[in-house]
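A.B. asks: I'm passing along coords_15.cif; it holds mmCIF, C-alpha atoms (C1' of nucleotides).
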data_protein
loop_
_atom_site.label_atom_id
_atom_site.label_comp_id
_atom_site.auth_asym_id
_atom_site.auth_seq_id
_atom_site.Cartn_x
_atom_site.Cartn_y
_atom_site.Cartn_z
CA MET A 8 -124.84 -24.58 110.78
CA ASN A 9 -123.24 -26.87 108.30
CA LEU A 10 -120.53 -25.05 106.41
CA PRO A 11 -116.83 -25.33 105.61
CA PRO A 12 -114.76 -23.11 107.92
CA LEU A 13 -113.86 -20.32 105.48
CA THR A 14 -117.42 -19.91 104.40
CA GLN A 15 -118.67 -20.06 107.95
CA ALA A 16 -116.43 -17.22 109.13
CA PHE A 17 -117.63 -15.03 106.29
CA VAL A 18 -121.29 -15.87 106.81
CA LEU A 19 -121.16 -15.19 110.52
CA HIS A 20 -119.35 -11.91 109.99
CA PHE A 21 -121.97 -10.66 107.56
CA GLY A 22 -124.70 -11.78 109.86
CA GLU A 23 -123.32 -9.47 112.52
CA MET A 24 -122.70 -6.67 110.04
CA GLY A 25 -126.21 -7.05 108.75
CA SER A 26 -127.66 -6.42 112.15
CA ARG A 27 -125.68 -3.18 112.41
CA TRP A 28 -127.40 -2.12 109.24
CA GLY A 29 -131.12 -2.28 108.84
CA ILE A 30 -131.23 -5.97 107.93
CA SER A 31 -131.54 -8.89 110.32
CA ARG A 32 -128.78 -11.32 111.13
CA THR A 33 -130.53 -14.05 109.17
CA VAL A 34 -130.90 -11.99 106.04
CA GLY A 35 -127.24 -11.04 106.22
CA GLN A 36 -126.23 -14.67 106.50
CA ILE A 37 -128.41 -15.75 103.61
CA TYR A 38 -126.91 -13.09 101.43
CA ALA A 39 -123.37 -13.93 102.44
CA LEU A 40 -123.97 -17.58 101.64
CA LEU A 41 -125.38 -16.80 98.21
CA PHE A 42 -122.56 -14.40 97.50
CA LEU A 43 -119.98 -17.12 98.03
CA ALA A 44 -121.83 -19.93 96.31
CA GLU A 45 -120.61 -21.01 92.90
CA GLN A 46 -124.00 -22.42 91.98
CA PRO A 47 -127.43 -20.94 92.67
CA LEU A 48 -129.04 -22.37 95.81
CA ASN A 49 -132.65 -23.20 96.60
CA ALA A 50 -134.41 -22.44 99.84
CA ASP A 51 -133.89 -25.93 101.21
CA ASP A 52 -130.17 -25.80 100.56
CA ILE A 53 -130.05 -22.59 102.55
CA THR A 54 -132.20 -23.97 105.35
CA GLU A 55 -129.93 -26.94 105.65
CA LYS A 56 -126.66 -25.01 105.51
CA LEU A 57 -127.63 -22.20 107.87
CA GLY A 58 -129.88 -24.20 110.17
CA PHE A 59 -132.83 -21.95 110.67
CA SER A 60 -136.44 -22.50 109.81
CA ARG A 61 -137.72 -22.84 106.31
CA SER A 62 -140.15 -19.98 106.80
CA ASN A 63 -137.41 -17.70 107.99
CA VAL A 64 -135.45 -18.44 104.83
CA SER A 65 -138.52 -17.67 102.78
CA MET A 66 -138.95 -14.30 104.47
CA GLY A 67 -135.26 -13.54 104.10
CA LEU A 68 -135.26 -14.28 100.40
CA LYS A 69 -138.34 -12.15 99.99
CA GLU A 70 -136.59 -9.23 101.64
CA LEU A 71 -133.47 -9.71 99.54
CA SER A 72 -135.62 -9.78 96.41
CA SER A 73 -137.27 -6.53 97.40
CA TRP A 74 -133.78 -5.06 97.51
CA ARG A 75 -133.05 -6.64 94.10
CA LEU A 76 -130.01 -8.25 95.67
CA VAL A 77 -130.78 -11.78 94.56
CA LYS A 78 -131.67 -13.16 91.17
CA LEU A 79 -134.24 -15.91 90.86
CA GLN A 80 -133.77 -18.67 88.33
CA HIS A 81 -135.15 -22.09 87.49
CA LYS A 82 -133.41 -25.29 86.61
CA PRO A 83 -134.96 -27.43 83.89
CA GLY A 84 -136.84 -30.37 85.35
CA ASP A 85 -136.79 -28.93 88.88
CA ARG A 86 -139.69 -27.02 90.25
CA ARG A 87 -137.76 -25.35 93.03
CA GLU A 88 -136.57 -21.77 92.83
CA TYR A 89 -132.85 -21.14 92.78
CA PHE A 90 -131.26 -17.95 94.01
CA SER A 91 -127.96 -16.27 93.23
CA THR A 92 -126.21 -12.92 93.46
CA PRO A 93 -124.89 -10.98 90.47
CA GLU A 94 -121.49 -12.18 89.28
CA ASP A 95 -120.11 -8.68 88.96
CA ILE A 96 -119.55 -7.35 92.42
CA TRP A 97 -119.69 -3.75 91.17
CA GLU A 98 -123.16 -4.45 89.95
CA ILE A 99 -124.06 -5.31 93.52
CA VAL A 100 -122.71 -1.97 94.70
CA ARG A 101 -124.76 -0.18 92.07
CA ILE A 102 -127.95 -1.92 93.09
CA LEU A 103 -127.34 -1.24 96.76
CA ALA A 104 -126.71 2.43 96.09
CA GLU A 105 -129.88 2.74 94.04
CA GLU A 106 -132.06 1.03 96.57
CA ARG A 107 -130.71 3.01 99.44
CA ARG A 108 -131.33 6.16 97.51
CA LYS A 109 -134.91 5.15 96.92
CA ARG A 110 -135.54 4.20 100.52
CA GLU A 111 -133.52 6.73 102.45
CA ILE A 112 -132.30 9.62 100.36
CA ASP A 113 -135.45 10.39 98.41
CA PRO A 114 -137.76 10.57 101.43
CA THR A 115 -135.20 12.70 103.23
CA LEU A 116 -134.91 15.10 100.32
CA SER A 117 -138.65 15.47 100.09
CA MET A 118 -138.94 16.13 103.81
CA LEU A 119 -136.24 18.78 103.48
CA ARG A 120 -137.85 20.40 100.44
CA GLN A 121 -141.12 20.60 102.28
CA ALA A 122 -139.41 22.28 105.22
CA LEU A 123 -137.61 24.73 102.95
CA VAL A 124 -140.78 26.19 101.46
CA GLU A 125 -142.33 26.95 104.86
CA THR A 126 -141.94 30.41 106.33
CA PRO A 127 -139.95 30.29 109.57
CA ALA A 128 -141.81 31.86 112.48
CA THR A 129 -138.89 32.59 114.76
CA GLU A 130 -135.19 33.24 114.65
CA ASP A 131 -134.61 29.65 115.81
CA GLU A 132 -136.64 28.28 112.95
CA ARG A 133 -134.83 30.55 110.53
CA HIS A 134 -131.54 29.04 111.59
CA ALA A 135 -132.92 25.52 111.52
CA GLN A 136 -134.11 26.11 108.00
CA ALA A 137 -130.70 27.37 106.93
CA ARG A 138 -129.15 24.21 108.36
CA MET A 139 -131.62 22.10 106.43
CA ALA A 140 -130.76 24.01 103.27
CA GLU A 141 -127.11 23.11 103.79
CA MET A 142 -127.97 19.48 104.25
CA HIS A 143 -130.23 19.51 101.24
CA GLY A 144 -127.47 20.93 99.10
CA LEU A 145 -124.98 18.37 100.29
CA ILE A 146 -127.27 15.44 99.66
CA GLU A 147 -128.21 16.70 96.22
CA LEU A 148 -124.60 17.15 95.27
CA VAL A 149 -123.53 13.73 96.45
CA THR A 150 -126.55 12.05 94.93
CA ARG A 151 -126.02 13.65 91.55
CA TRP A 152 -122.39 12.68 91.63
CA SER A 153 -123.23 9.13 92.48
CA GLU A 154 -125.91 8.80 89.82
CA ASP A 155 -123.46 10.19 87.35
CA ILE A 156 -120.72 7.81 88.35
CA GLN A 157 -123.02 4.81 88.28
CA LYS A 158 -123.50 5.10 84.58
CA LEU A 159 -119.85 4.36 83.92
CA GLU A 160 -118.71 0.95 82.86
CA THR A 161 -117.12 -1.06 85.61
CA GLN A 162 -113.65 -0.70 84.13
CA THR A 163 -113.90 3.05 83.75
CA LEU A 164 -115.20 3.39 87.27
CA ILE A 165 -112.27 1.44 88.65
CA GLN A 166 -109.87 3.64 86.70
CA LEU A 167 -111.51 6.73 88.13
CA LEU A 168 -111.32 5.44 91.68
CA GLU A 169 -107.71 4.51 91.20
CA VAL A 170 -106.62 8.01 90.34
CA GLY A 171 -108.58 9.28 93.35
CA SER A 172 -107.97 12.86 94.27
CA LYS A 173 -105.03 13.13 91.89
CA VAL A 174 -107.60 14.39 89.46
CA GLN A 175 -107.34 17.60 91.40
CA LYS A 176 -104.02 18.22 89.68
CA VAL A 177 -105.77 18.33 86.34
CA PHE A 178 -107.90 21.23 87.49
CA GLU A 179 -104.96 23.10 88.82
CA ILE A 180 -103.20 22.78 85.50
CA LYS A 181 -106.32 23.66 83.57
CA ASP A 182 -106.86 26.81 85.62
CA ARG A 183 -103.26 27.85 85.34
CA LEU A 184 -103.40 27.52 81.58
CA LYS A 185 -106.48 29.67 81.41
CA VAL A 186 -104.84 32.33 83.51
CA VAL A 187 -101.72 32.33 81.37
CA ALA A 188 -103.79 32.52 78.21
CA GLY A 189 -105.59 35.54 79.66
CA GLY A 190 -109.00 33.96 78.97
CA LYS A 191 -112.05 34.28 81.22
CA SER A 192 -110.37 32.52 84.14
CA ARG A 193 -112.88 30.89 86.44
CA ARG A 194 -112.05 32.06 89.95
CA ARG A 195 -111.02 29.14 92.11
CA ALA A 196 -113.01 29.24 95.31
CA LYS A 197 -110.52 29.29 98.14
CA SER A 198 -112.45 30.70 101.08
CA GLU A 199 -113.01 28.62 104.16
CA GLY A 200 -116.19 29.15 106.16
CA PRO A 201 -119.58 27.49 105.60
CA ALA A 202 -120.01 26.03 102.14
CA ASP A 203 -122.70 27.77 100.15
CA VAL A 204 -124.13 24.50 98.93
CA MET B 9 -142.03 16.78 122.56
CA ASN B 10 -141.79 20.52 122.69
CA LEU B 11 -140.49 21.86 119.40
CA PRO B 12 -141.45 24.30 116.66
CA PRO B 13 -143.04 22.47 113.69
CA LEU B 14 -140.13 22.67 111.21
CA THR B 15 -137.69 21.36 113.74
CA GLN B 16 -140.06 18.66 114.88
CA ALA B 17 -140.52 17.24 111.39
CA PHE B 18 -136.77 17.05 110.92
CA VAL B 19 -136.14 15.51 114.32
CA LEU B 20 -138.80 12.85 113.86
CA HIS B 21 -137.52 12.00 110.42
CA PHE B 22 -133.99 11.47 111.64
CA GLY B 23 -135.27 9.45 114.53
CA GLU B 24 -136.79 7.01 112.06
CA MET B 25 -133.77 7.09 109.80
CA GLY B 26 -131.52 6.44 112.75
CA SER B 27 -133.35 3.27 113.59
CA ARG B 28 -132.82 2.01 110.03
CA TRP B 29 -129.14 2.46 110.63
CA GLY B 30 -127.41 1.06 113.65
CA ILE B 31 -128.42 3.87 116.00
CA SER B 32 -131.55 4.08 118.11
CA ARG B 33 -134.43 6.43 117.48
CA THR B 34 -133.49 8.52 120.51
CA VAL B 35 -129.91 8.97 119.45
CA GLY B 36 -131.05 10.01 115.99
CA GLN B 37 -133.39 12.59 117.46
CA ILE B 38 -130.78 14.00 119.79
CA TYR B 39 -128.37 14.41 116.93
CA ALA B 40 -130.97 16.01 114.68
CA LEU B 41 -131.84 18.48 117.40
CA LEU B 42 -128.22 19.44 117.96
CA PHE B 43 -127.61 19.72 114.25
CA LEU B 44 -130.35 22.33 113.91
CA ALA B 45 -129.61 24.25 117.08
CA GLU B 46 -127.93 27.62 116.75
CA GLN B 47 -126.54 27.46 120.27
CA PRO B 48 -125.02 24.47 122.07
CA LEU B 49 -127.55 22.65 124.26
CA ASN B 50 -127.16 20.95 127.62
CA ALA B 51 -128.65 17.63 128.60
CA ASP B 52 -131.60 19.20 130.37
CA ASP B 53 -132.48 21.31 127.35
CA ILE B 54 -132.56 18.14 125.29
CA THR B 55 -134.59 16.24 127.87
CA GLU B 56 -137.12 19.01 127.96
CA LYS B 57 -137.38 19.44 124.18
CA LEU B 58 -137.53 15.78 123.25
CA GLY B 59 -139.40 14.53 126.28
CA PHE B 60 -137.56 11.41 127.22
CA SER B 61 -135.75 10.53 130.37
CA ARG B 62 -132.66 12.29 131.53
CA SER B 63 -130.72 9.04 131.68
CA ASN B 64 -131.63 8.20 128.13
CA VAL B 65 -130.27 11.54 127.00
CA SER B 66 -127.09 10.86 128.91
CA MET B 67 -126.63 7.50 127.20
CA GLY B 68 -127.43 9.02 123.83
CA LEU B 69 -124.87 11.77 124.23
CA LYS B 70 -122.33 9.23 125.31
CA GLU B 71 -122.92 7.23 122.17
CA LEU B 72 -122.72 10.32 119.98
CA SER B 73 -119.45 11.26 121.65
CA SER B 74 -118.03 7.84 120.94
CA TRP B 75 -118.80 8.53 117.28
CA ARG B 76 -117.14 11.96 117.66
CA LEU B 77 -120.33 13.46 116.28
CA VAL B 78 -120.83 15.98 119.06
CA LYS B 79 -118.48 18.51 120.56
CA LEU B 80 -118.53 19.19 124.27
CA GLN B 81 -118.05 22.71 125.58
CA HIS B 82 -118.51 24.68 128.79
CA LYS B 83 -120.04 28.05 129.42
CA PRO B 84 -118.30 30.31 131.93
CA GLY B 85 -120.10 30.31 135.27
CA ASP B 86 -122.24 27.28 134.35
CA ARG B 87 -121.29 23.84 135.45
CA ARG B 88 -123.41 22.01 132.93
CA GLU B 89 -121.98 20.52 129.77
CA TYR B 90 -123.09 21.94 126.44
CA PHE B 91 -123.16 19.93 123.22
CA SER B 92 -123.04 20.95 119.60
CA THR B 93 -122.29 19.55 116.14
CA PRO B 94 -119.54 20.83 113.84
CA GLU B 95 -120.52 23.94 111.88
CA ASP B 96 -119.15 22.59 108.64
CA ILE B 97 -121.47 19.88 107.43
CA TRP B 98 -118.72 18.35 105.30
CA GLU B 99 -116.71 17.88 108.43
CA ILE B 100 -119.59 15.78 109.74
CA VAL B 101 -119.45 13.61 106.64
CA ARG B 102 -115.72 13.13 107.09
CA ILE B 103 -116.10 12.07 110.69
CA LEU B 104 -118.91 9.67 109.87
CA ALA B 105 -116.88 8.09 107.09
CA GLU B 106 -113.87 7.65 109.36
CA GLU B 107 -115.83 6.12 112.18
CA ARG B 108 -117.68 3.75 109.94
CA ARG B 109 -114.42 2.67 108.45
CA LYS B 110 -113.04 1.95 111.88
CA ARG B 111 -116.09 0.03 113.03
CA GLU B 112 -117.18 -1.78 109.91
CA ILE B 113 -114.64 -1.72 107.13
CA ASP B 114 -111.50 -2.50 109.11
CA PRO B 115 -112.90 -5.57 110.88
CA THR B 116 -114.28 -6.81 107.59
CA LEU B 117 -110.97 -6.37 105.84
CA SER B 118 -109.14 -8.23 108.55
CA MET B 119 -111.63 -11.09 108.42
CA LEU B 120 -111.16 -11.26 104.67
CA ARG B 121 -107.36 -11.16 104.88
CA GLN B 122 -107.45 -13.96 107.37
CA ALA B 123 -109.62 -16.03 105.04
CA LEU B 124 -107.36 -15.30 102.08
CA VAL B 125 -104.26 -16.81 103.66
CA GLU B 126 -105.97 -20.11 104.46
CA THR B 127 -105.62 -22.98 102.04
CA PRO B 128 -108.99 -24.00 100.61
CA ALA B 129 -109.80 -27.66 101.15
CA THR B 130 -112.39 -28.14 98.45
CA GLU B 131 -113.45 -26.69 95.13
CA ASP B 132 -116.31 -24.88 96.89
CA GLU B 133 -113.92 -23.25 99.29
CA ARG B 134 -111.63 -22.31 96.44
CA HIS B 135 -114.48 -20.45 94.79
CA ALA B 136 -115.58 -18.87 98.05
CA GLN B 137 -112.06 -17.62 98.55
CA ALA B 138 -111.95 -16.13 95.07
CA ARG B 139 -115.19 -14.30 95.82
CA MET B 140 -113.72 -12.96 99.03
CA ALA B 141 -110.65 -11.79 97.12
CA GLU B 142 -112.93 -9.81 94.82
CA MET B 143 -114.70 -8.24 97.74
CA HIS B 144 -111.43 -7.46 99.45
CA GLY B 145 -110.15 -5.72 96.35
CA LEU B 146 -113.28 -3.66 95.99
CA ILE B 147 -113.28 -2.53 99.58
CA GLU B 148 -109.61 -1.64 99.48
CA LEU B 149 -110.06 0.38 96.33
CA VAL B 150 -113.06 2.30 97.62
CA THR B 151 -111.47 2.86 101.01
CA ARG B 152 -108.26 4.20 99.52
CA TRP B 153 -110.22 6.48 97.25
CA SER B 154 -112.24 7.77 100.13
CA GLU B 155 -109.23 8.35 102.38
CA ASP B 156 -107.60 10.16 99.53
CA ILE B 157 -110.60 12.35 98.87
CA GLN B 158 -111.07 13.18 102.53
CA LYS B 159 -107.82 15.05 102.66
CA LEU B 160 -109.07 17.66 100.23
CA GLU B 161 -110.31 21.02 101.41
CA THR B 162 -114.07 21.31 101.48
CA GLN B 163 -114.10 23.66 98.50
CA THR B 164 -111.92 21.42 96.37
CA LEU B 165 -114.03 18.41 97.24
CA ILE B 166 -117.20 20.18 96.19
CA GLN B 167 -115.56 21.14 92.91
CA LEU B 168 -114.58 17.56 92.31
CA LEU B 169 -118.06 16.25 93.04
CA GLU B 170 -119.55 18.84 90.76
CA VAL B 171 -117.66 17.68 87.72
CA GLY B 172 -118.65 14.11 88.53
CA SER B 173 -117.89 11.59 85.86
CA LYS B 174 -117.09 14.29 83.34
CA VAL B 175 -113.55 13.77 84.52
CA GLN B 176 -113.67 10.68 82.39
CA LYS B 177 -113.39 12.93 79.32
CA VAL B 178 -110.03 14.12 80.50
CA PHE B 179 -108.70 10.60 80.40
CA GLU B 180 -110.10 9.95 76.99
CA ILE B 181 -108.44 13.04 75.65
CA LYS B 182 -105.20 12.29 77.42
CA ASP B 183 -105.10 8.76 76.04
CA ARG B 184 -105.93 9.90 72.56
CA LEU B 185 -103.12 12.40 72.64
CA LYS B 186 -100.67 9.76 73.71
CA VAL B 187 -101.76 7.49 70.90
CA VAL B 188 -101.45 10.24 68.34
CA ALA B 189 -98.05 11.19 69.66
CA GLY B 190 -96.99 7.56 69.35
CA GLY B 191 -95.76 7.51 72.96
CA LYS B 192 -96.01 4.51 75.31
CA SER B 193 -99.83 4.52 75.31
CA ARG B 194 -101.26 2.92 78.39
CA ARG B 195 -103.73 0.31 77.20
CA ARG B 196 -107.24 1.19 78.27
CA ALA B 197 -108.81 -1.85 79.86
CA LYS B 198 -112.04 -2.51 78.02
CA SER B 199 -112.81 -6.13 78.76
CA GLU B 200 -115.98 -7.06 80.56
CA GLY B 201 -115.97 -10.14 82.79
CA PRO B 202 -114.96 -10.31 86.44
CA ALA B 203 -112.88 -7.38 87.54
CA ASP B 204 -109.38 -8.36 88.54
CA VAL B 205 -109.54 -6.15 91.58
"C1'" DA C 18 -159.50 -31.11 88.63
"C1'" DC C 19 -156.51 -33.71 91.83
"C1'" DG C 20 -152.51 -34.37 94.40
"C1'" DA C 21 -147.73 -33.75 95.23
"C1'" DA C 22 -144.12 -30.47 95.53
"C1'" DC C 23 -143.01 -26.39 96.86
"C1'" DT C 24 -143.69 -21.51 98.81
"C1'" DT C 25 -145.85 -18.02 101.61
"C1'" DT C 26 -148.35 -16.20 105.44
"C1'" DC C 27 -149.06 -15.18 110.05
"C1'" DA C 28 -150.06 -15.53 115.12
"C1'" DG C 29 -147.69 -15.71 118.90
"C1'" DG C 30 -143.40 -17.05 121.59
"C1'" DA C 31 -138.35 -15.96 122.03
"C1'" DA C 32 -134.70 -12.91 121.85
"C1'" DT C 33 -132.92 -8.45 121.58
"C1'" DT C 34 -132.90 -3.66 122.09
"C1'" DT C 35 -134.39 0.47 124.12
"C1'" DC C 36 -135.80 3.24 127.90
"C1'" DT C 37 -136.60 4.46 132.69
"C1'" DG C 38 -136.15 5.59 137.65
"C1'" DA C 39 -133.44 5.07 141.47
"C1'" DA C 40 -129.10 5.08 143.25
"C1'" DA C 41 -124.23 5.88 142.86
"C1'" DA C 42 -120.51 8.64 141.24
"C1'" DT C 43 -118.28 12.89 140.08
"C1'" DT C 44 -117.13 17.64 140.42
"C1'" DA C 45 -116.82 22.55 141.73
"C1'" DG C 46 -117.22 25.89 145.11
"C1'" DG C 47 -117.32 27.24 149.80
"C1'" DC D 1 -113.72 18.00 153.39
"C1'" DC D 2 -118.78 18.93 152.77
"C1'" DT D 3 -122.56 20.01 150.07
"C1'" DA D 4 -125.25 20.69 146.25
"C1'" DA D 5 -125.37 20.51 141.33
"C1'" DT D 6 -124.81 17.58 137.70
"C1'" DT D 7 -123.76 13.31 135.25
"C1'" DT D 8 -123.42 8.30 134.93
"C1'" DT D 9 -124.59 3.61 135.83
"C1'" DC D 10 -127.47 -0.20 135.85
"C1'" DA D 11 -131.29 -3.55 136.90
"C1'" DG D 12 -135.27 -4.53 135.19
"C1'" DA D 13 -139.73 -2.90 132.65
"C1'" DA D 14 -141.42 -1.81 128.08
"C1'" DA D 15 -141.15 -1.95 123.30
"C1'" DT D 16 -139.57 -3.81 119.22
"C1'" DT D 17 -137.79 -7.14 116.23
"C1'" DC D 18 -136.93 -11.75 114.99
"C1'" DC D 19 -138.05 -16.48 114.35
"C1'" DT D 20 -140.86 -20.60 114.27
"C1'" DG D 21 -144.43 -24.12 113.35
"C1'" DA D 22 -148.71 -24.82 111.56
"C1'" DA D 23 -151.75 -23.88 108.16
"C1'" DA D 24 -152.99 -21.93 103.87
"C1'" DG D 25 -151.72 -20.88 99.20
"C1'" DT D 26 -149.75 -21.75 94.62
"C1'" DT D 27 -148.27 -24.30 90.71
"C1'" DC D 28 -147.36 -28.02 87.75
"C1'" DG D 29 -147.85 -32.60 85.88
"C1'" DT D 30 -151.01 -36.04 85.01
#
Show the structure stored in the file as structure tokens.

C.D. replies:
Amino acid sequence: MNLPPLTQAFVLHFGEMGSRWGISRTVGQIYALLFLAEQPLNADDITEKLGFSRSNVSMGLKELSSWRLVKLQHKPGDRREYFSTPEDIWEIVRILAEERRKREIDPTLSMLRQALVETPATEDERHAQARMAEMHGLIELVTRWSEDIQKLETQTLIQLLEVGSKVQKVFEIKDRLKVVAGGKSRRRAKSEGPADV
Amino acid sequence: MNLPPLTQAFVLHFGEMGSRWGISRTVGQIYALLFLAEQPLNADDITEKLGFSRSNVSMGLKELSSWRLVKLQHKPGDRREYFSTPEDIWEIVRILAEERRKREIDPTLSMLRQALVETPATEDERHAQARMAEMHGLIELVTRWSEDIQKLETQTLIQLLEVGSKVQKVFEIKDRLKVVAGGKSRRRAKSEGPADV
DNA sequence: ACGAACTTTCAGGAATTTCTGAAAATTAGG
DNA sequence: CCTAATTTTCAGAAATTCCTGAAAGTTCGT
């Protein structure tokens, strides 16, 4: 490996992190390197800097492309392919969220939906189905929220994250106003117990 | 494997999903089984239902305990240990988020902080460091938001997720009011370009 | 349509992770 | 303390995943 120290620490760290996720150490390192690079890199640059085989780099880039995590571009007068990551780091988060939804959430939801239309044969299966219904509701809720949030511009999203749960206050005030005004006040759910999601 | 069909589909699915994440197929299956079970199960129950070795179940339960994903309890007059998952599925999400933060986010943040106090030797390293600063900012923002949100009661959290990005409207209205009133209107950041996170 | 430059594929070896059975350790009750 | 029930550990077998070199494939300029 042939990298300046700061870069090297980062690359190694994301290699390890990668292998905790579904991706291999190599793929993690390639991505980390591209993320830090000011200029797009070609496969030979990567091979040279990270010190594994050319074919491994090729496979890694292919996997990263399938995740839409790298952009491919060409330089005039150079036949080689150059790779880079999106400039806007929030864009990266968006892409990751979308791809994970496609690969993990959607299949899970469809498995759950399938299970929910079956008729449970025993008391055990009845309970299992109820549990799956809870999980289905949770996933749907979170997924909808996240799709919704993804549409926001980066700046708006940041604003929203910054206020965090303080938004809660707004609801409290809103509800109080409605009550005072004597309008159809929406009952605030307060009960504990299992969520009826 | 010795399970009713609905349960089996779910267990197999989470086995596969588990192996896409950092956990092994077996651990995923054990957790899925416990999640669906109405009553706490002991290690022999699990061995019998899933059909792998007793020692593997023991290791799996140990790993799940280290993630705080299973609760251990005892039945009177029975020496064996019984395992279950939290009733409230949102509690599970909270625990998962906390543990992942501890294992993945915190080490990453400390690596990044370390890198950010170094003095870059070259232009490349300067750029790499700037990229790391961006990532650091993003992670901090998201982590703070998520810690903040985790403190809410389950019901309030669900409410918040349900409104999703519609909250944005509240800000727009608030800002407009301030402008109309001629008060110190907080400038709404609108610029594109790299986020100064 | 040929050859050079570059990229991809893929069989199989290397490395890592997962799983098992046997043995050791722990614990509760007598 | 001893014993039997139960859980844990761990060395190595089995399975899986990762990586490489060699060969095949693609593409562009001439």

A.B. asks: Apply the PyMOL selection byres ((chain A) within 8 of (chain C)) to the file shown and report the selected residues as a PyMOL selection string.

C.D. replies: chain A and resi 62+65+86-87

A.B. asks: What residues in chain D lie within 12 Å of chain B, counting all atoms listed in the file, written as a VMD selection string?

C.D. replies: chain D and resid 4 to 10 16 to 17

A.B. asks: Could you pull the residues within 9 Å of Ile102 (chain A), counting only C-alpha atoms (C1' of nucleotides), minus those fewer than 4 positions along the same chain, as a list of chain:residue names?

C.D. replies: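 Skipping anything fewer than 4 positions along the chain leaves A:Trp74, A:Arg75, A:Leu76, A:Trp97, A:Glu98, A:Glu106, A:Arg107.
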
A.B. asks: So, counting all atoms listed in the file, which residue among A:Thr163, A:Arg108, A:Thr129, A:Leu123 is closest to Val149 (chain A)?

C.D. replies: A:Arg108

A.B. asks: Quick one: 4 Å padding each side, axis-aligned, all listed atoms of region 1-20 of chain D - centre and edge lengths in Å to one decimal, as lines of an AutoDock Vina configuration file?

C.D. replies:
center_x = -127.6
center_y = 0.0
center_z = 133.8
size_x = 35.7
size_y = 49.3
size_z = 47.1

A.B. asks: From the list A:His134, A:Lys176, A:Leu57, A:Asp85, which residue is nearest chain B when using all atoms listed in the file?

C.D. replies: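 Nearest to chain B: A:His134.
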
A.B. asks: Tell me which protein, DNA and RNA residues are within 10 Å of region 113-118 of chain A, counting only C-alpha atoms (C1' of nucleotides), leaving out same-chain ones fewer than 6 positions away, and put them as JSON, numbers by chain.

C.D. replies: {"A": [107, 139, 142, 143, 144, 146, 147, 150], "B": [14, 17, 18, 21, 22, 25]}

A.B. asks: Quick one: pull the distance between CA of Ser31 (chain A) and CA of Gly67 (chain A), Å, one decimal.

C.D. replies: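 Separation between CA of Ser31 (chain A) and CA of Gly67 (chain A): 8.6 Å.
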
A.B. asks: Restricting the calculation to all atoms listed in the file: of B:Glu155, B:Ile38, B:Ile100, B:Leu44, which residue gets closest to chain A?

C.D. replies: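 Selected residue with least distance to chain A: B:Leu44.
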
A.B. asks: Separation of CA of Val175 (chain B) and CA of Ile165 (chain A), in Å?

C.D. replies: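 CA of Ile165 (chain A) lies 13.1 Å from CA of Val175 (chain B).
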
A.B. asks: Can you translate the PyMOL selection byres ((chain A and resi 170) around 12) into the concrete residues it hits in this file, as a VMD selection string?

C.D. replies: (chain A and resid 163 to 169 171 to 177) or (chain B and resid 149 to 150 152 to 154 156 to 157 175 to 176 179)

A.B. asks: For CA of Pro93 (chain A) and CA of Ser27 (chain B), quote the distance in Å rounded to one decimal.

C.D. replies: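 Taking CA of Pro93 (chain A) and CA of Ser27 (chain B), their separation equals 28.4 Å.
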
A.B. asks: Between B:Arg139, B:Arg121, B:Arg102, B:Lys83, which has the minimum distance to chain A (counting only C-alpha atoms)?

C.D. replies: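 The answer is B:Arg139, which sits nearest to chain A.
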
A.B. asks: Could you tell me which of A:Gly35, A:Gly58, A:Gly84, A:Gly25 comes closest to chain B if we count only C-alpha atoms?

C.D. replies: A:Gly25

A.B. asks: Select, counting all atoms listed in the file, all protein, DNA and RNA residues no farther than 8 Å from (-140.2, -19.0, 113.1) in file coordinates, and express the selection as a PyMOL selection string.

C.D. replies: (chain A and resi 60+62-63) or (chain D and resi 19-21)

A.B. asks: From the list A:Val34, A:Val100, A:Ala135, A:Val18, which residue is nearest chain B when using only C-alpha atoms?

C.D. replies: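 The closest residue to chain B is A:Ala135.
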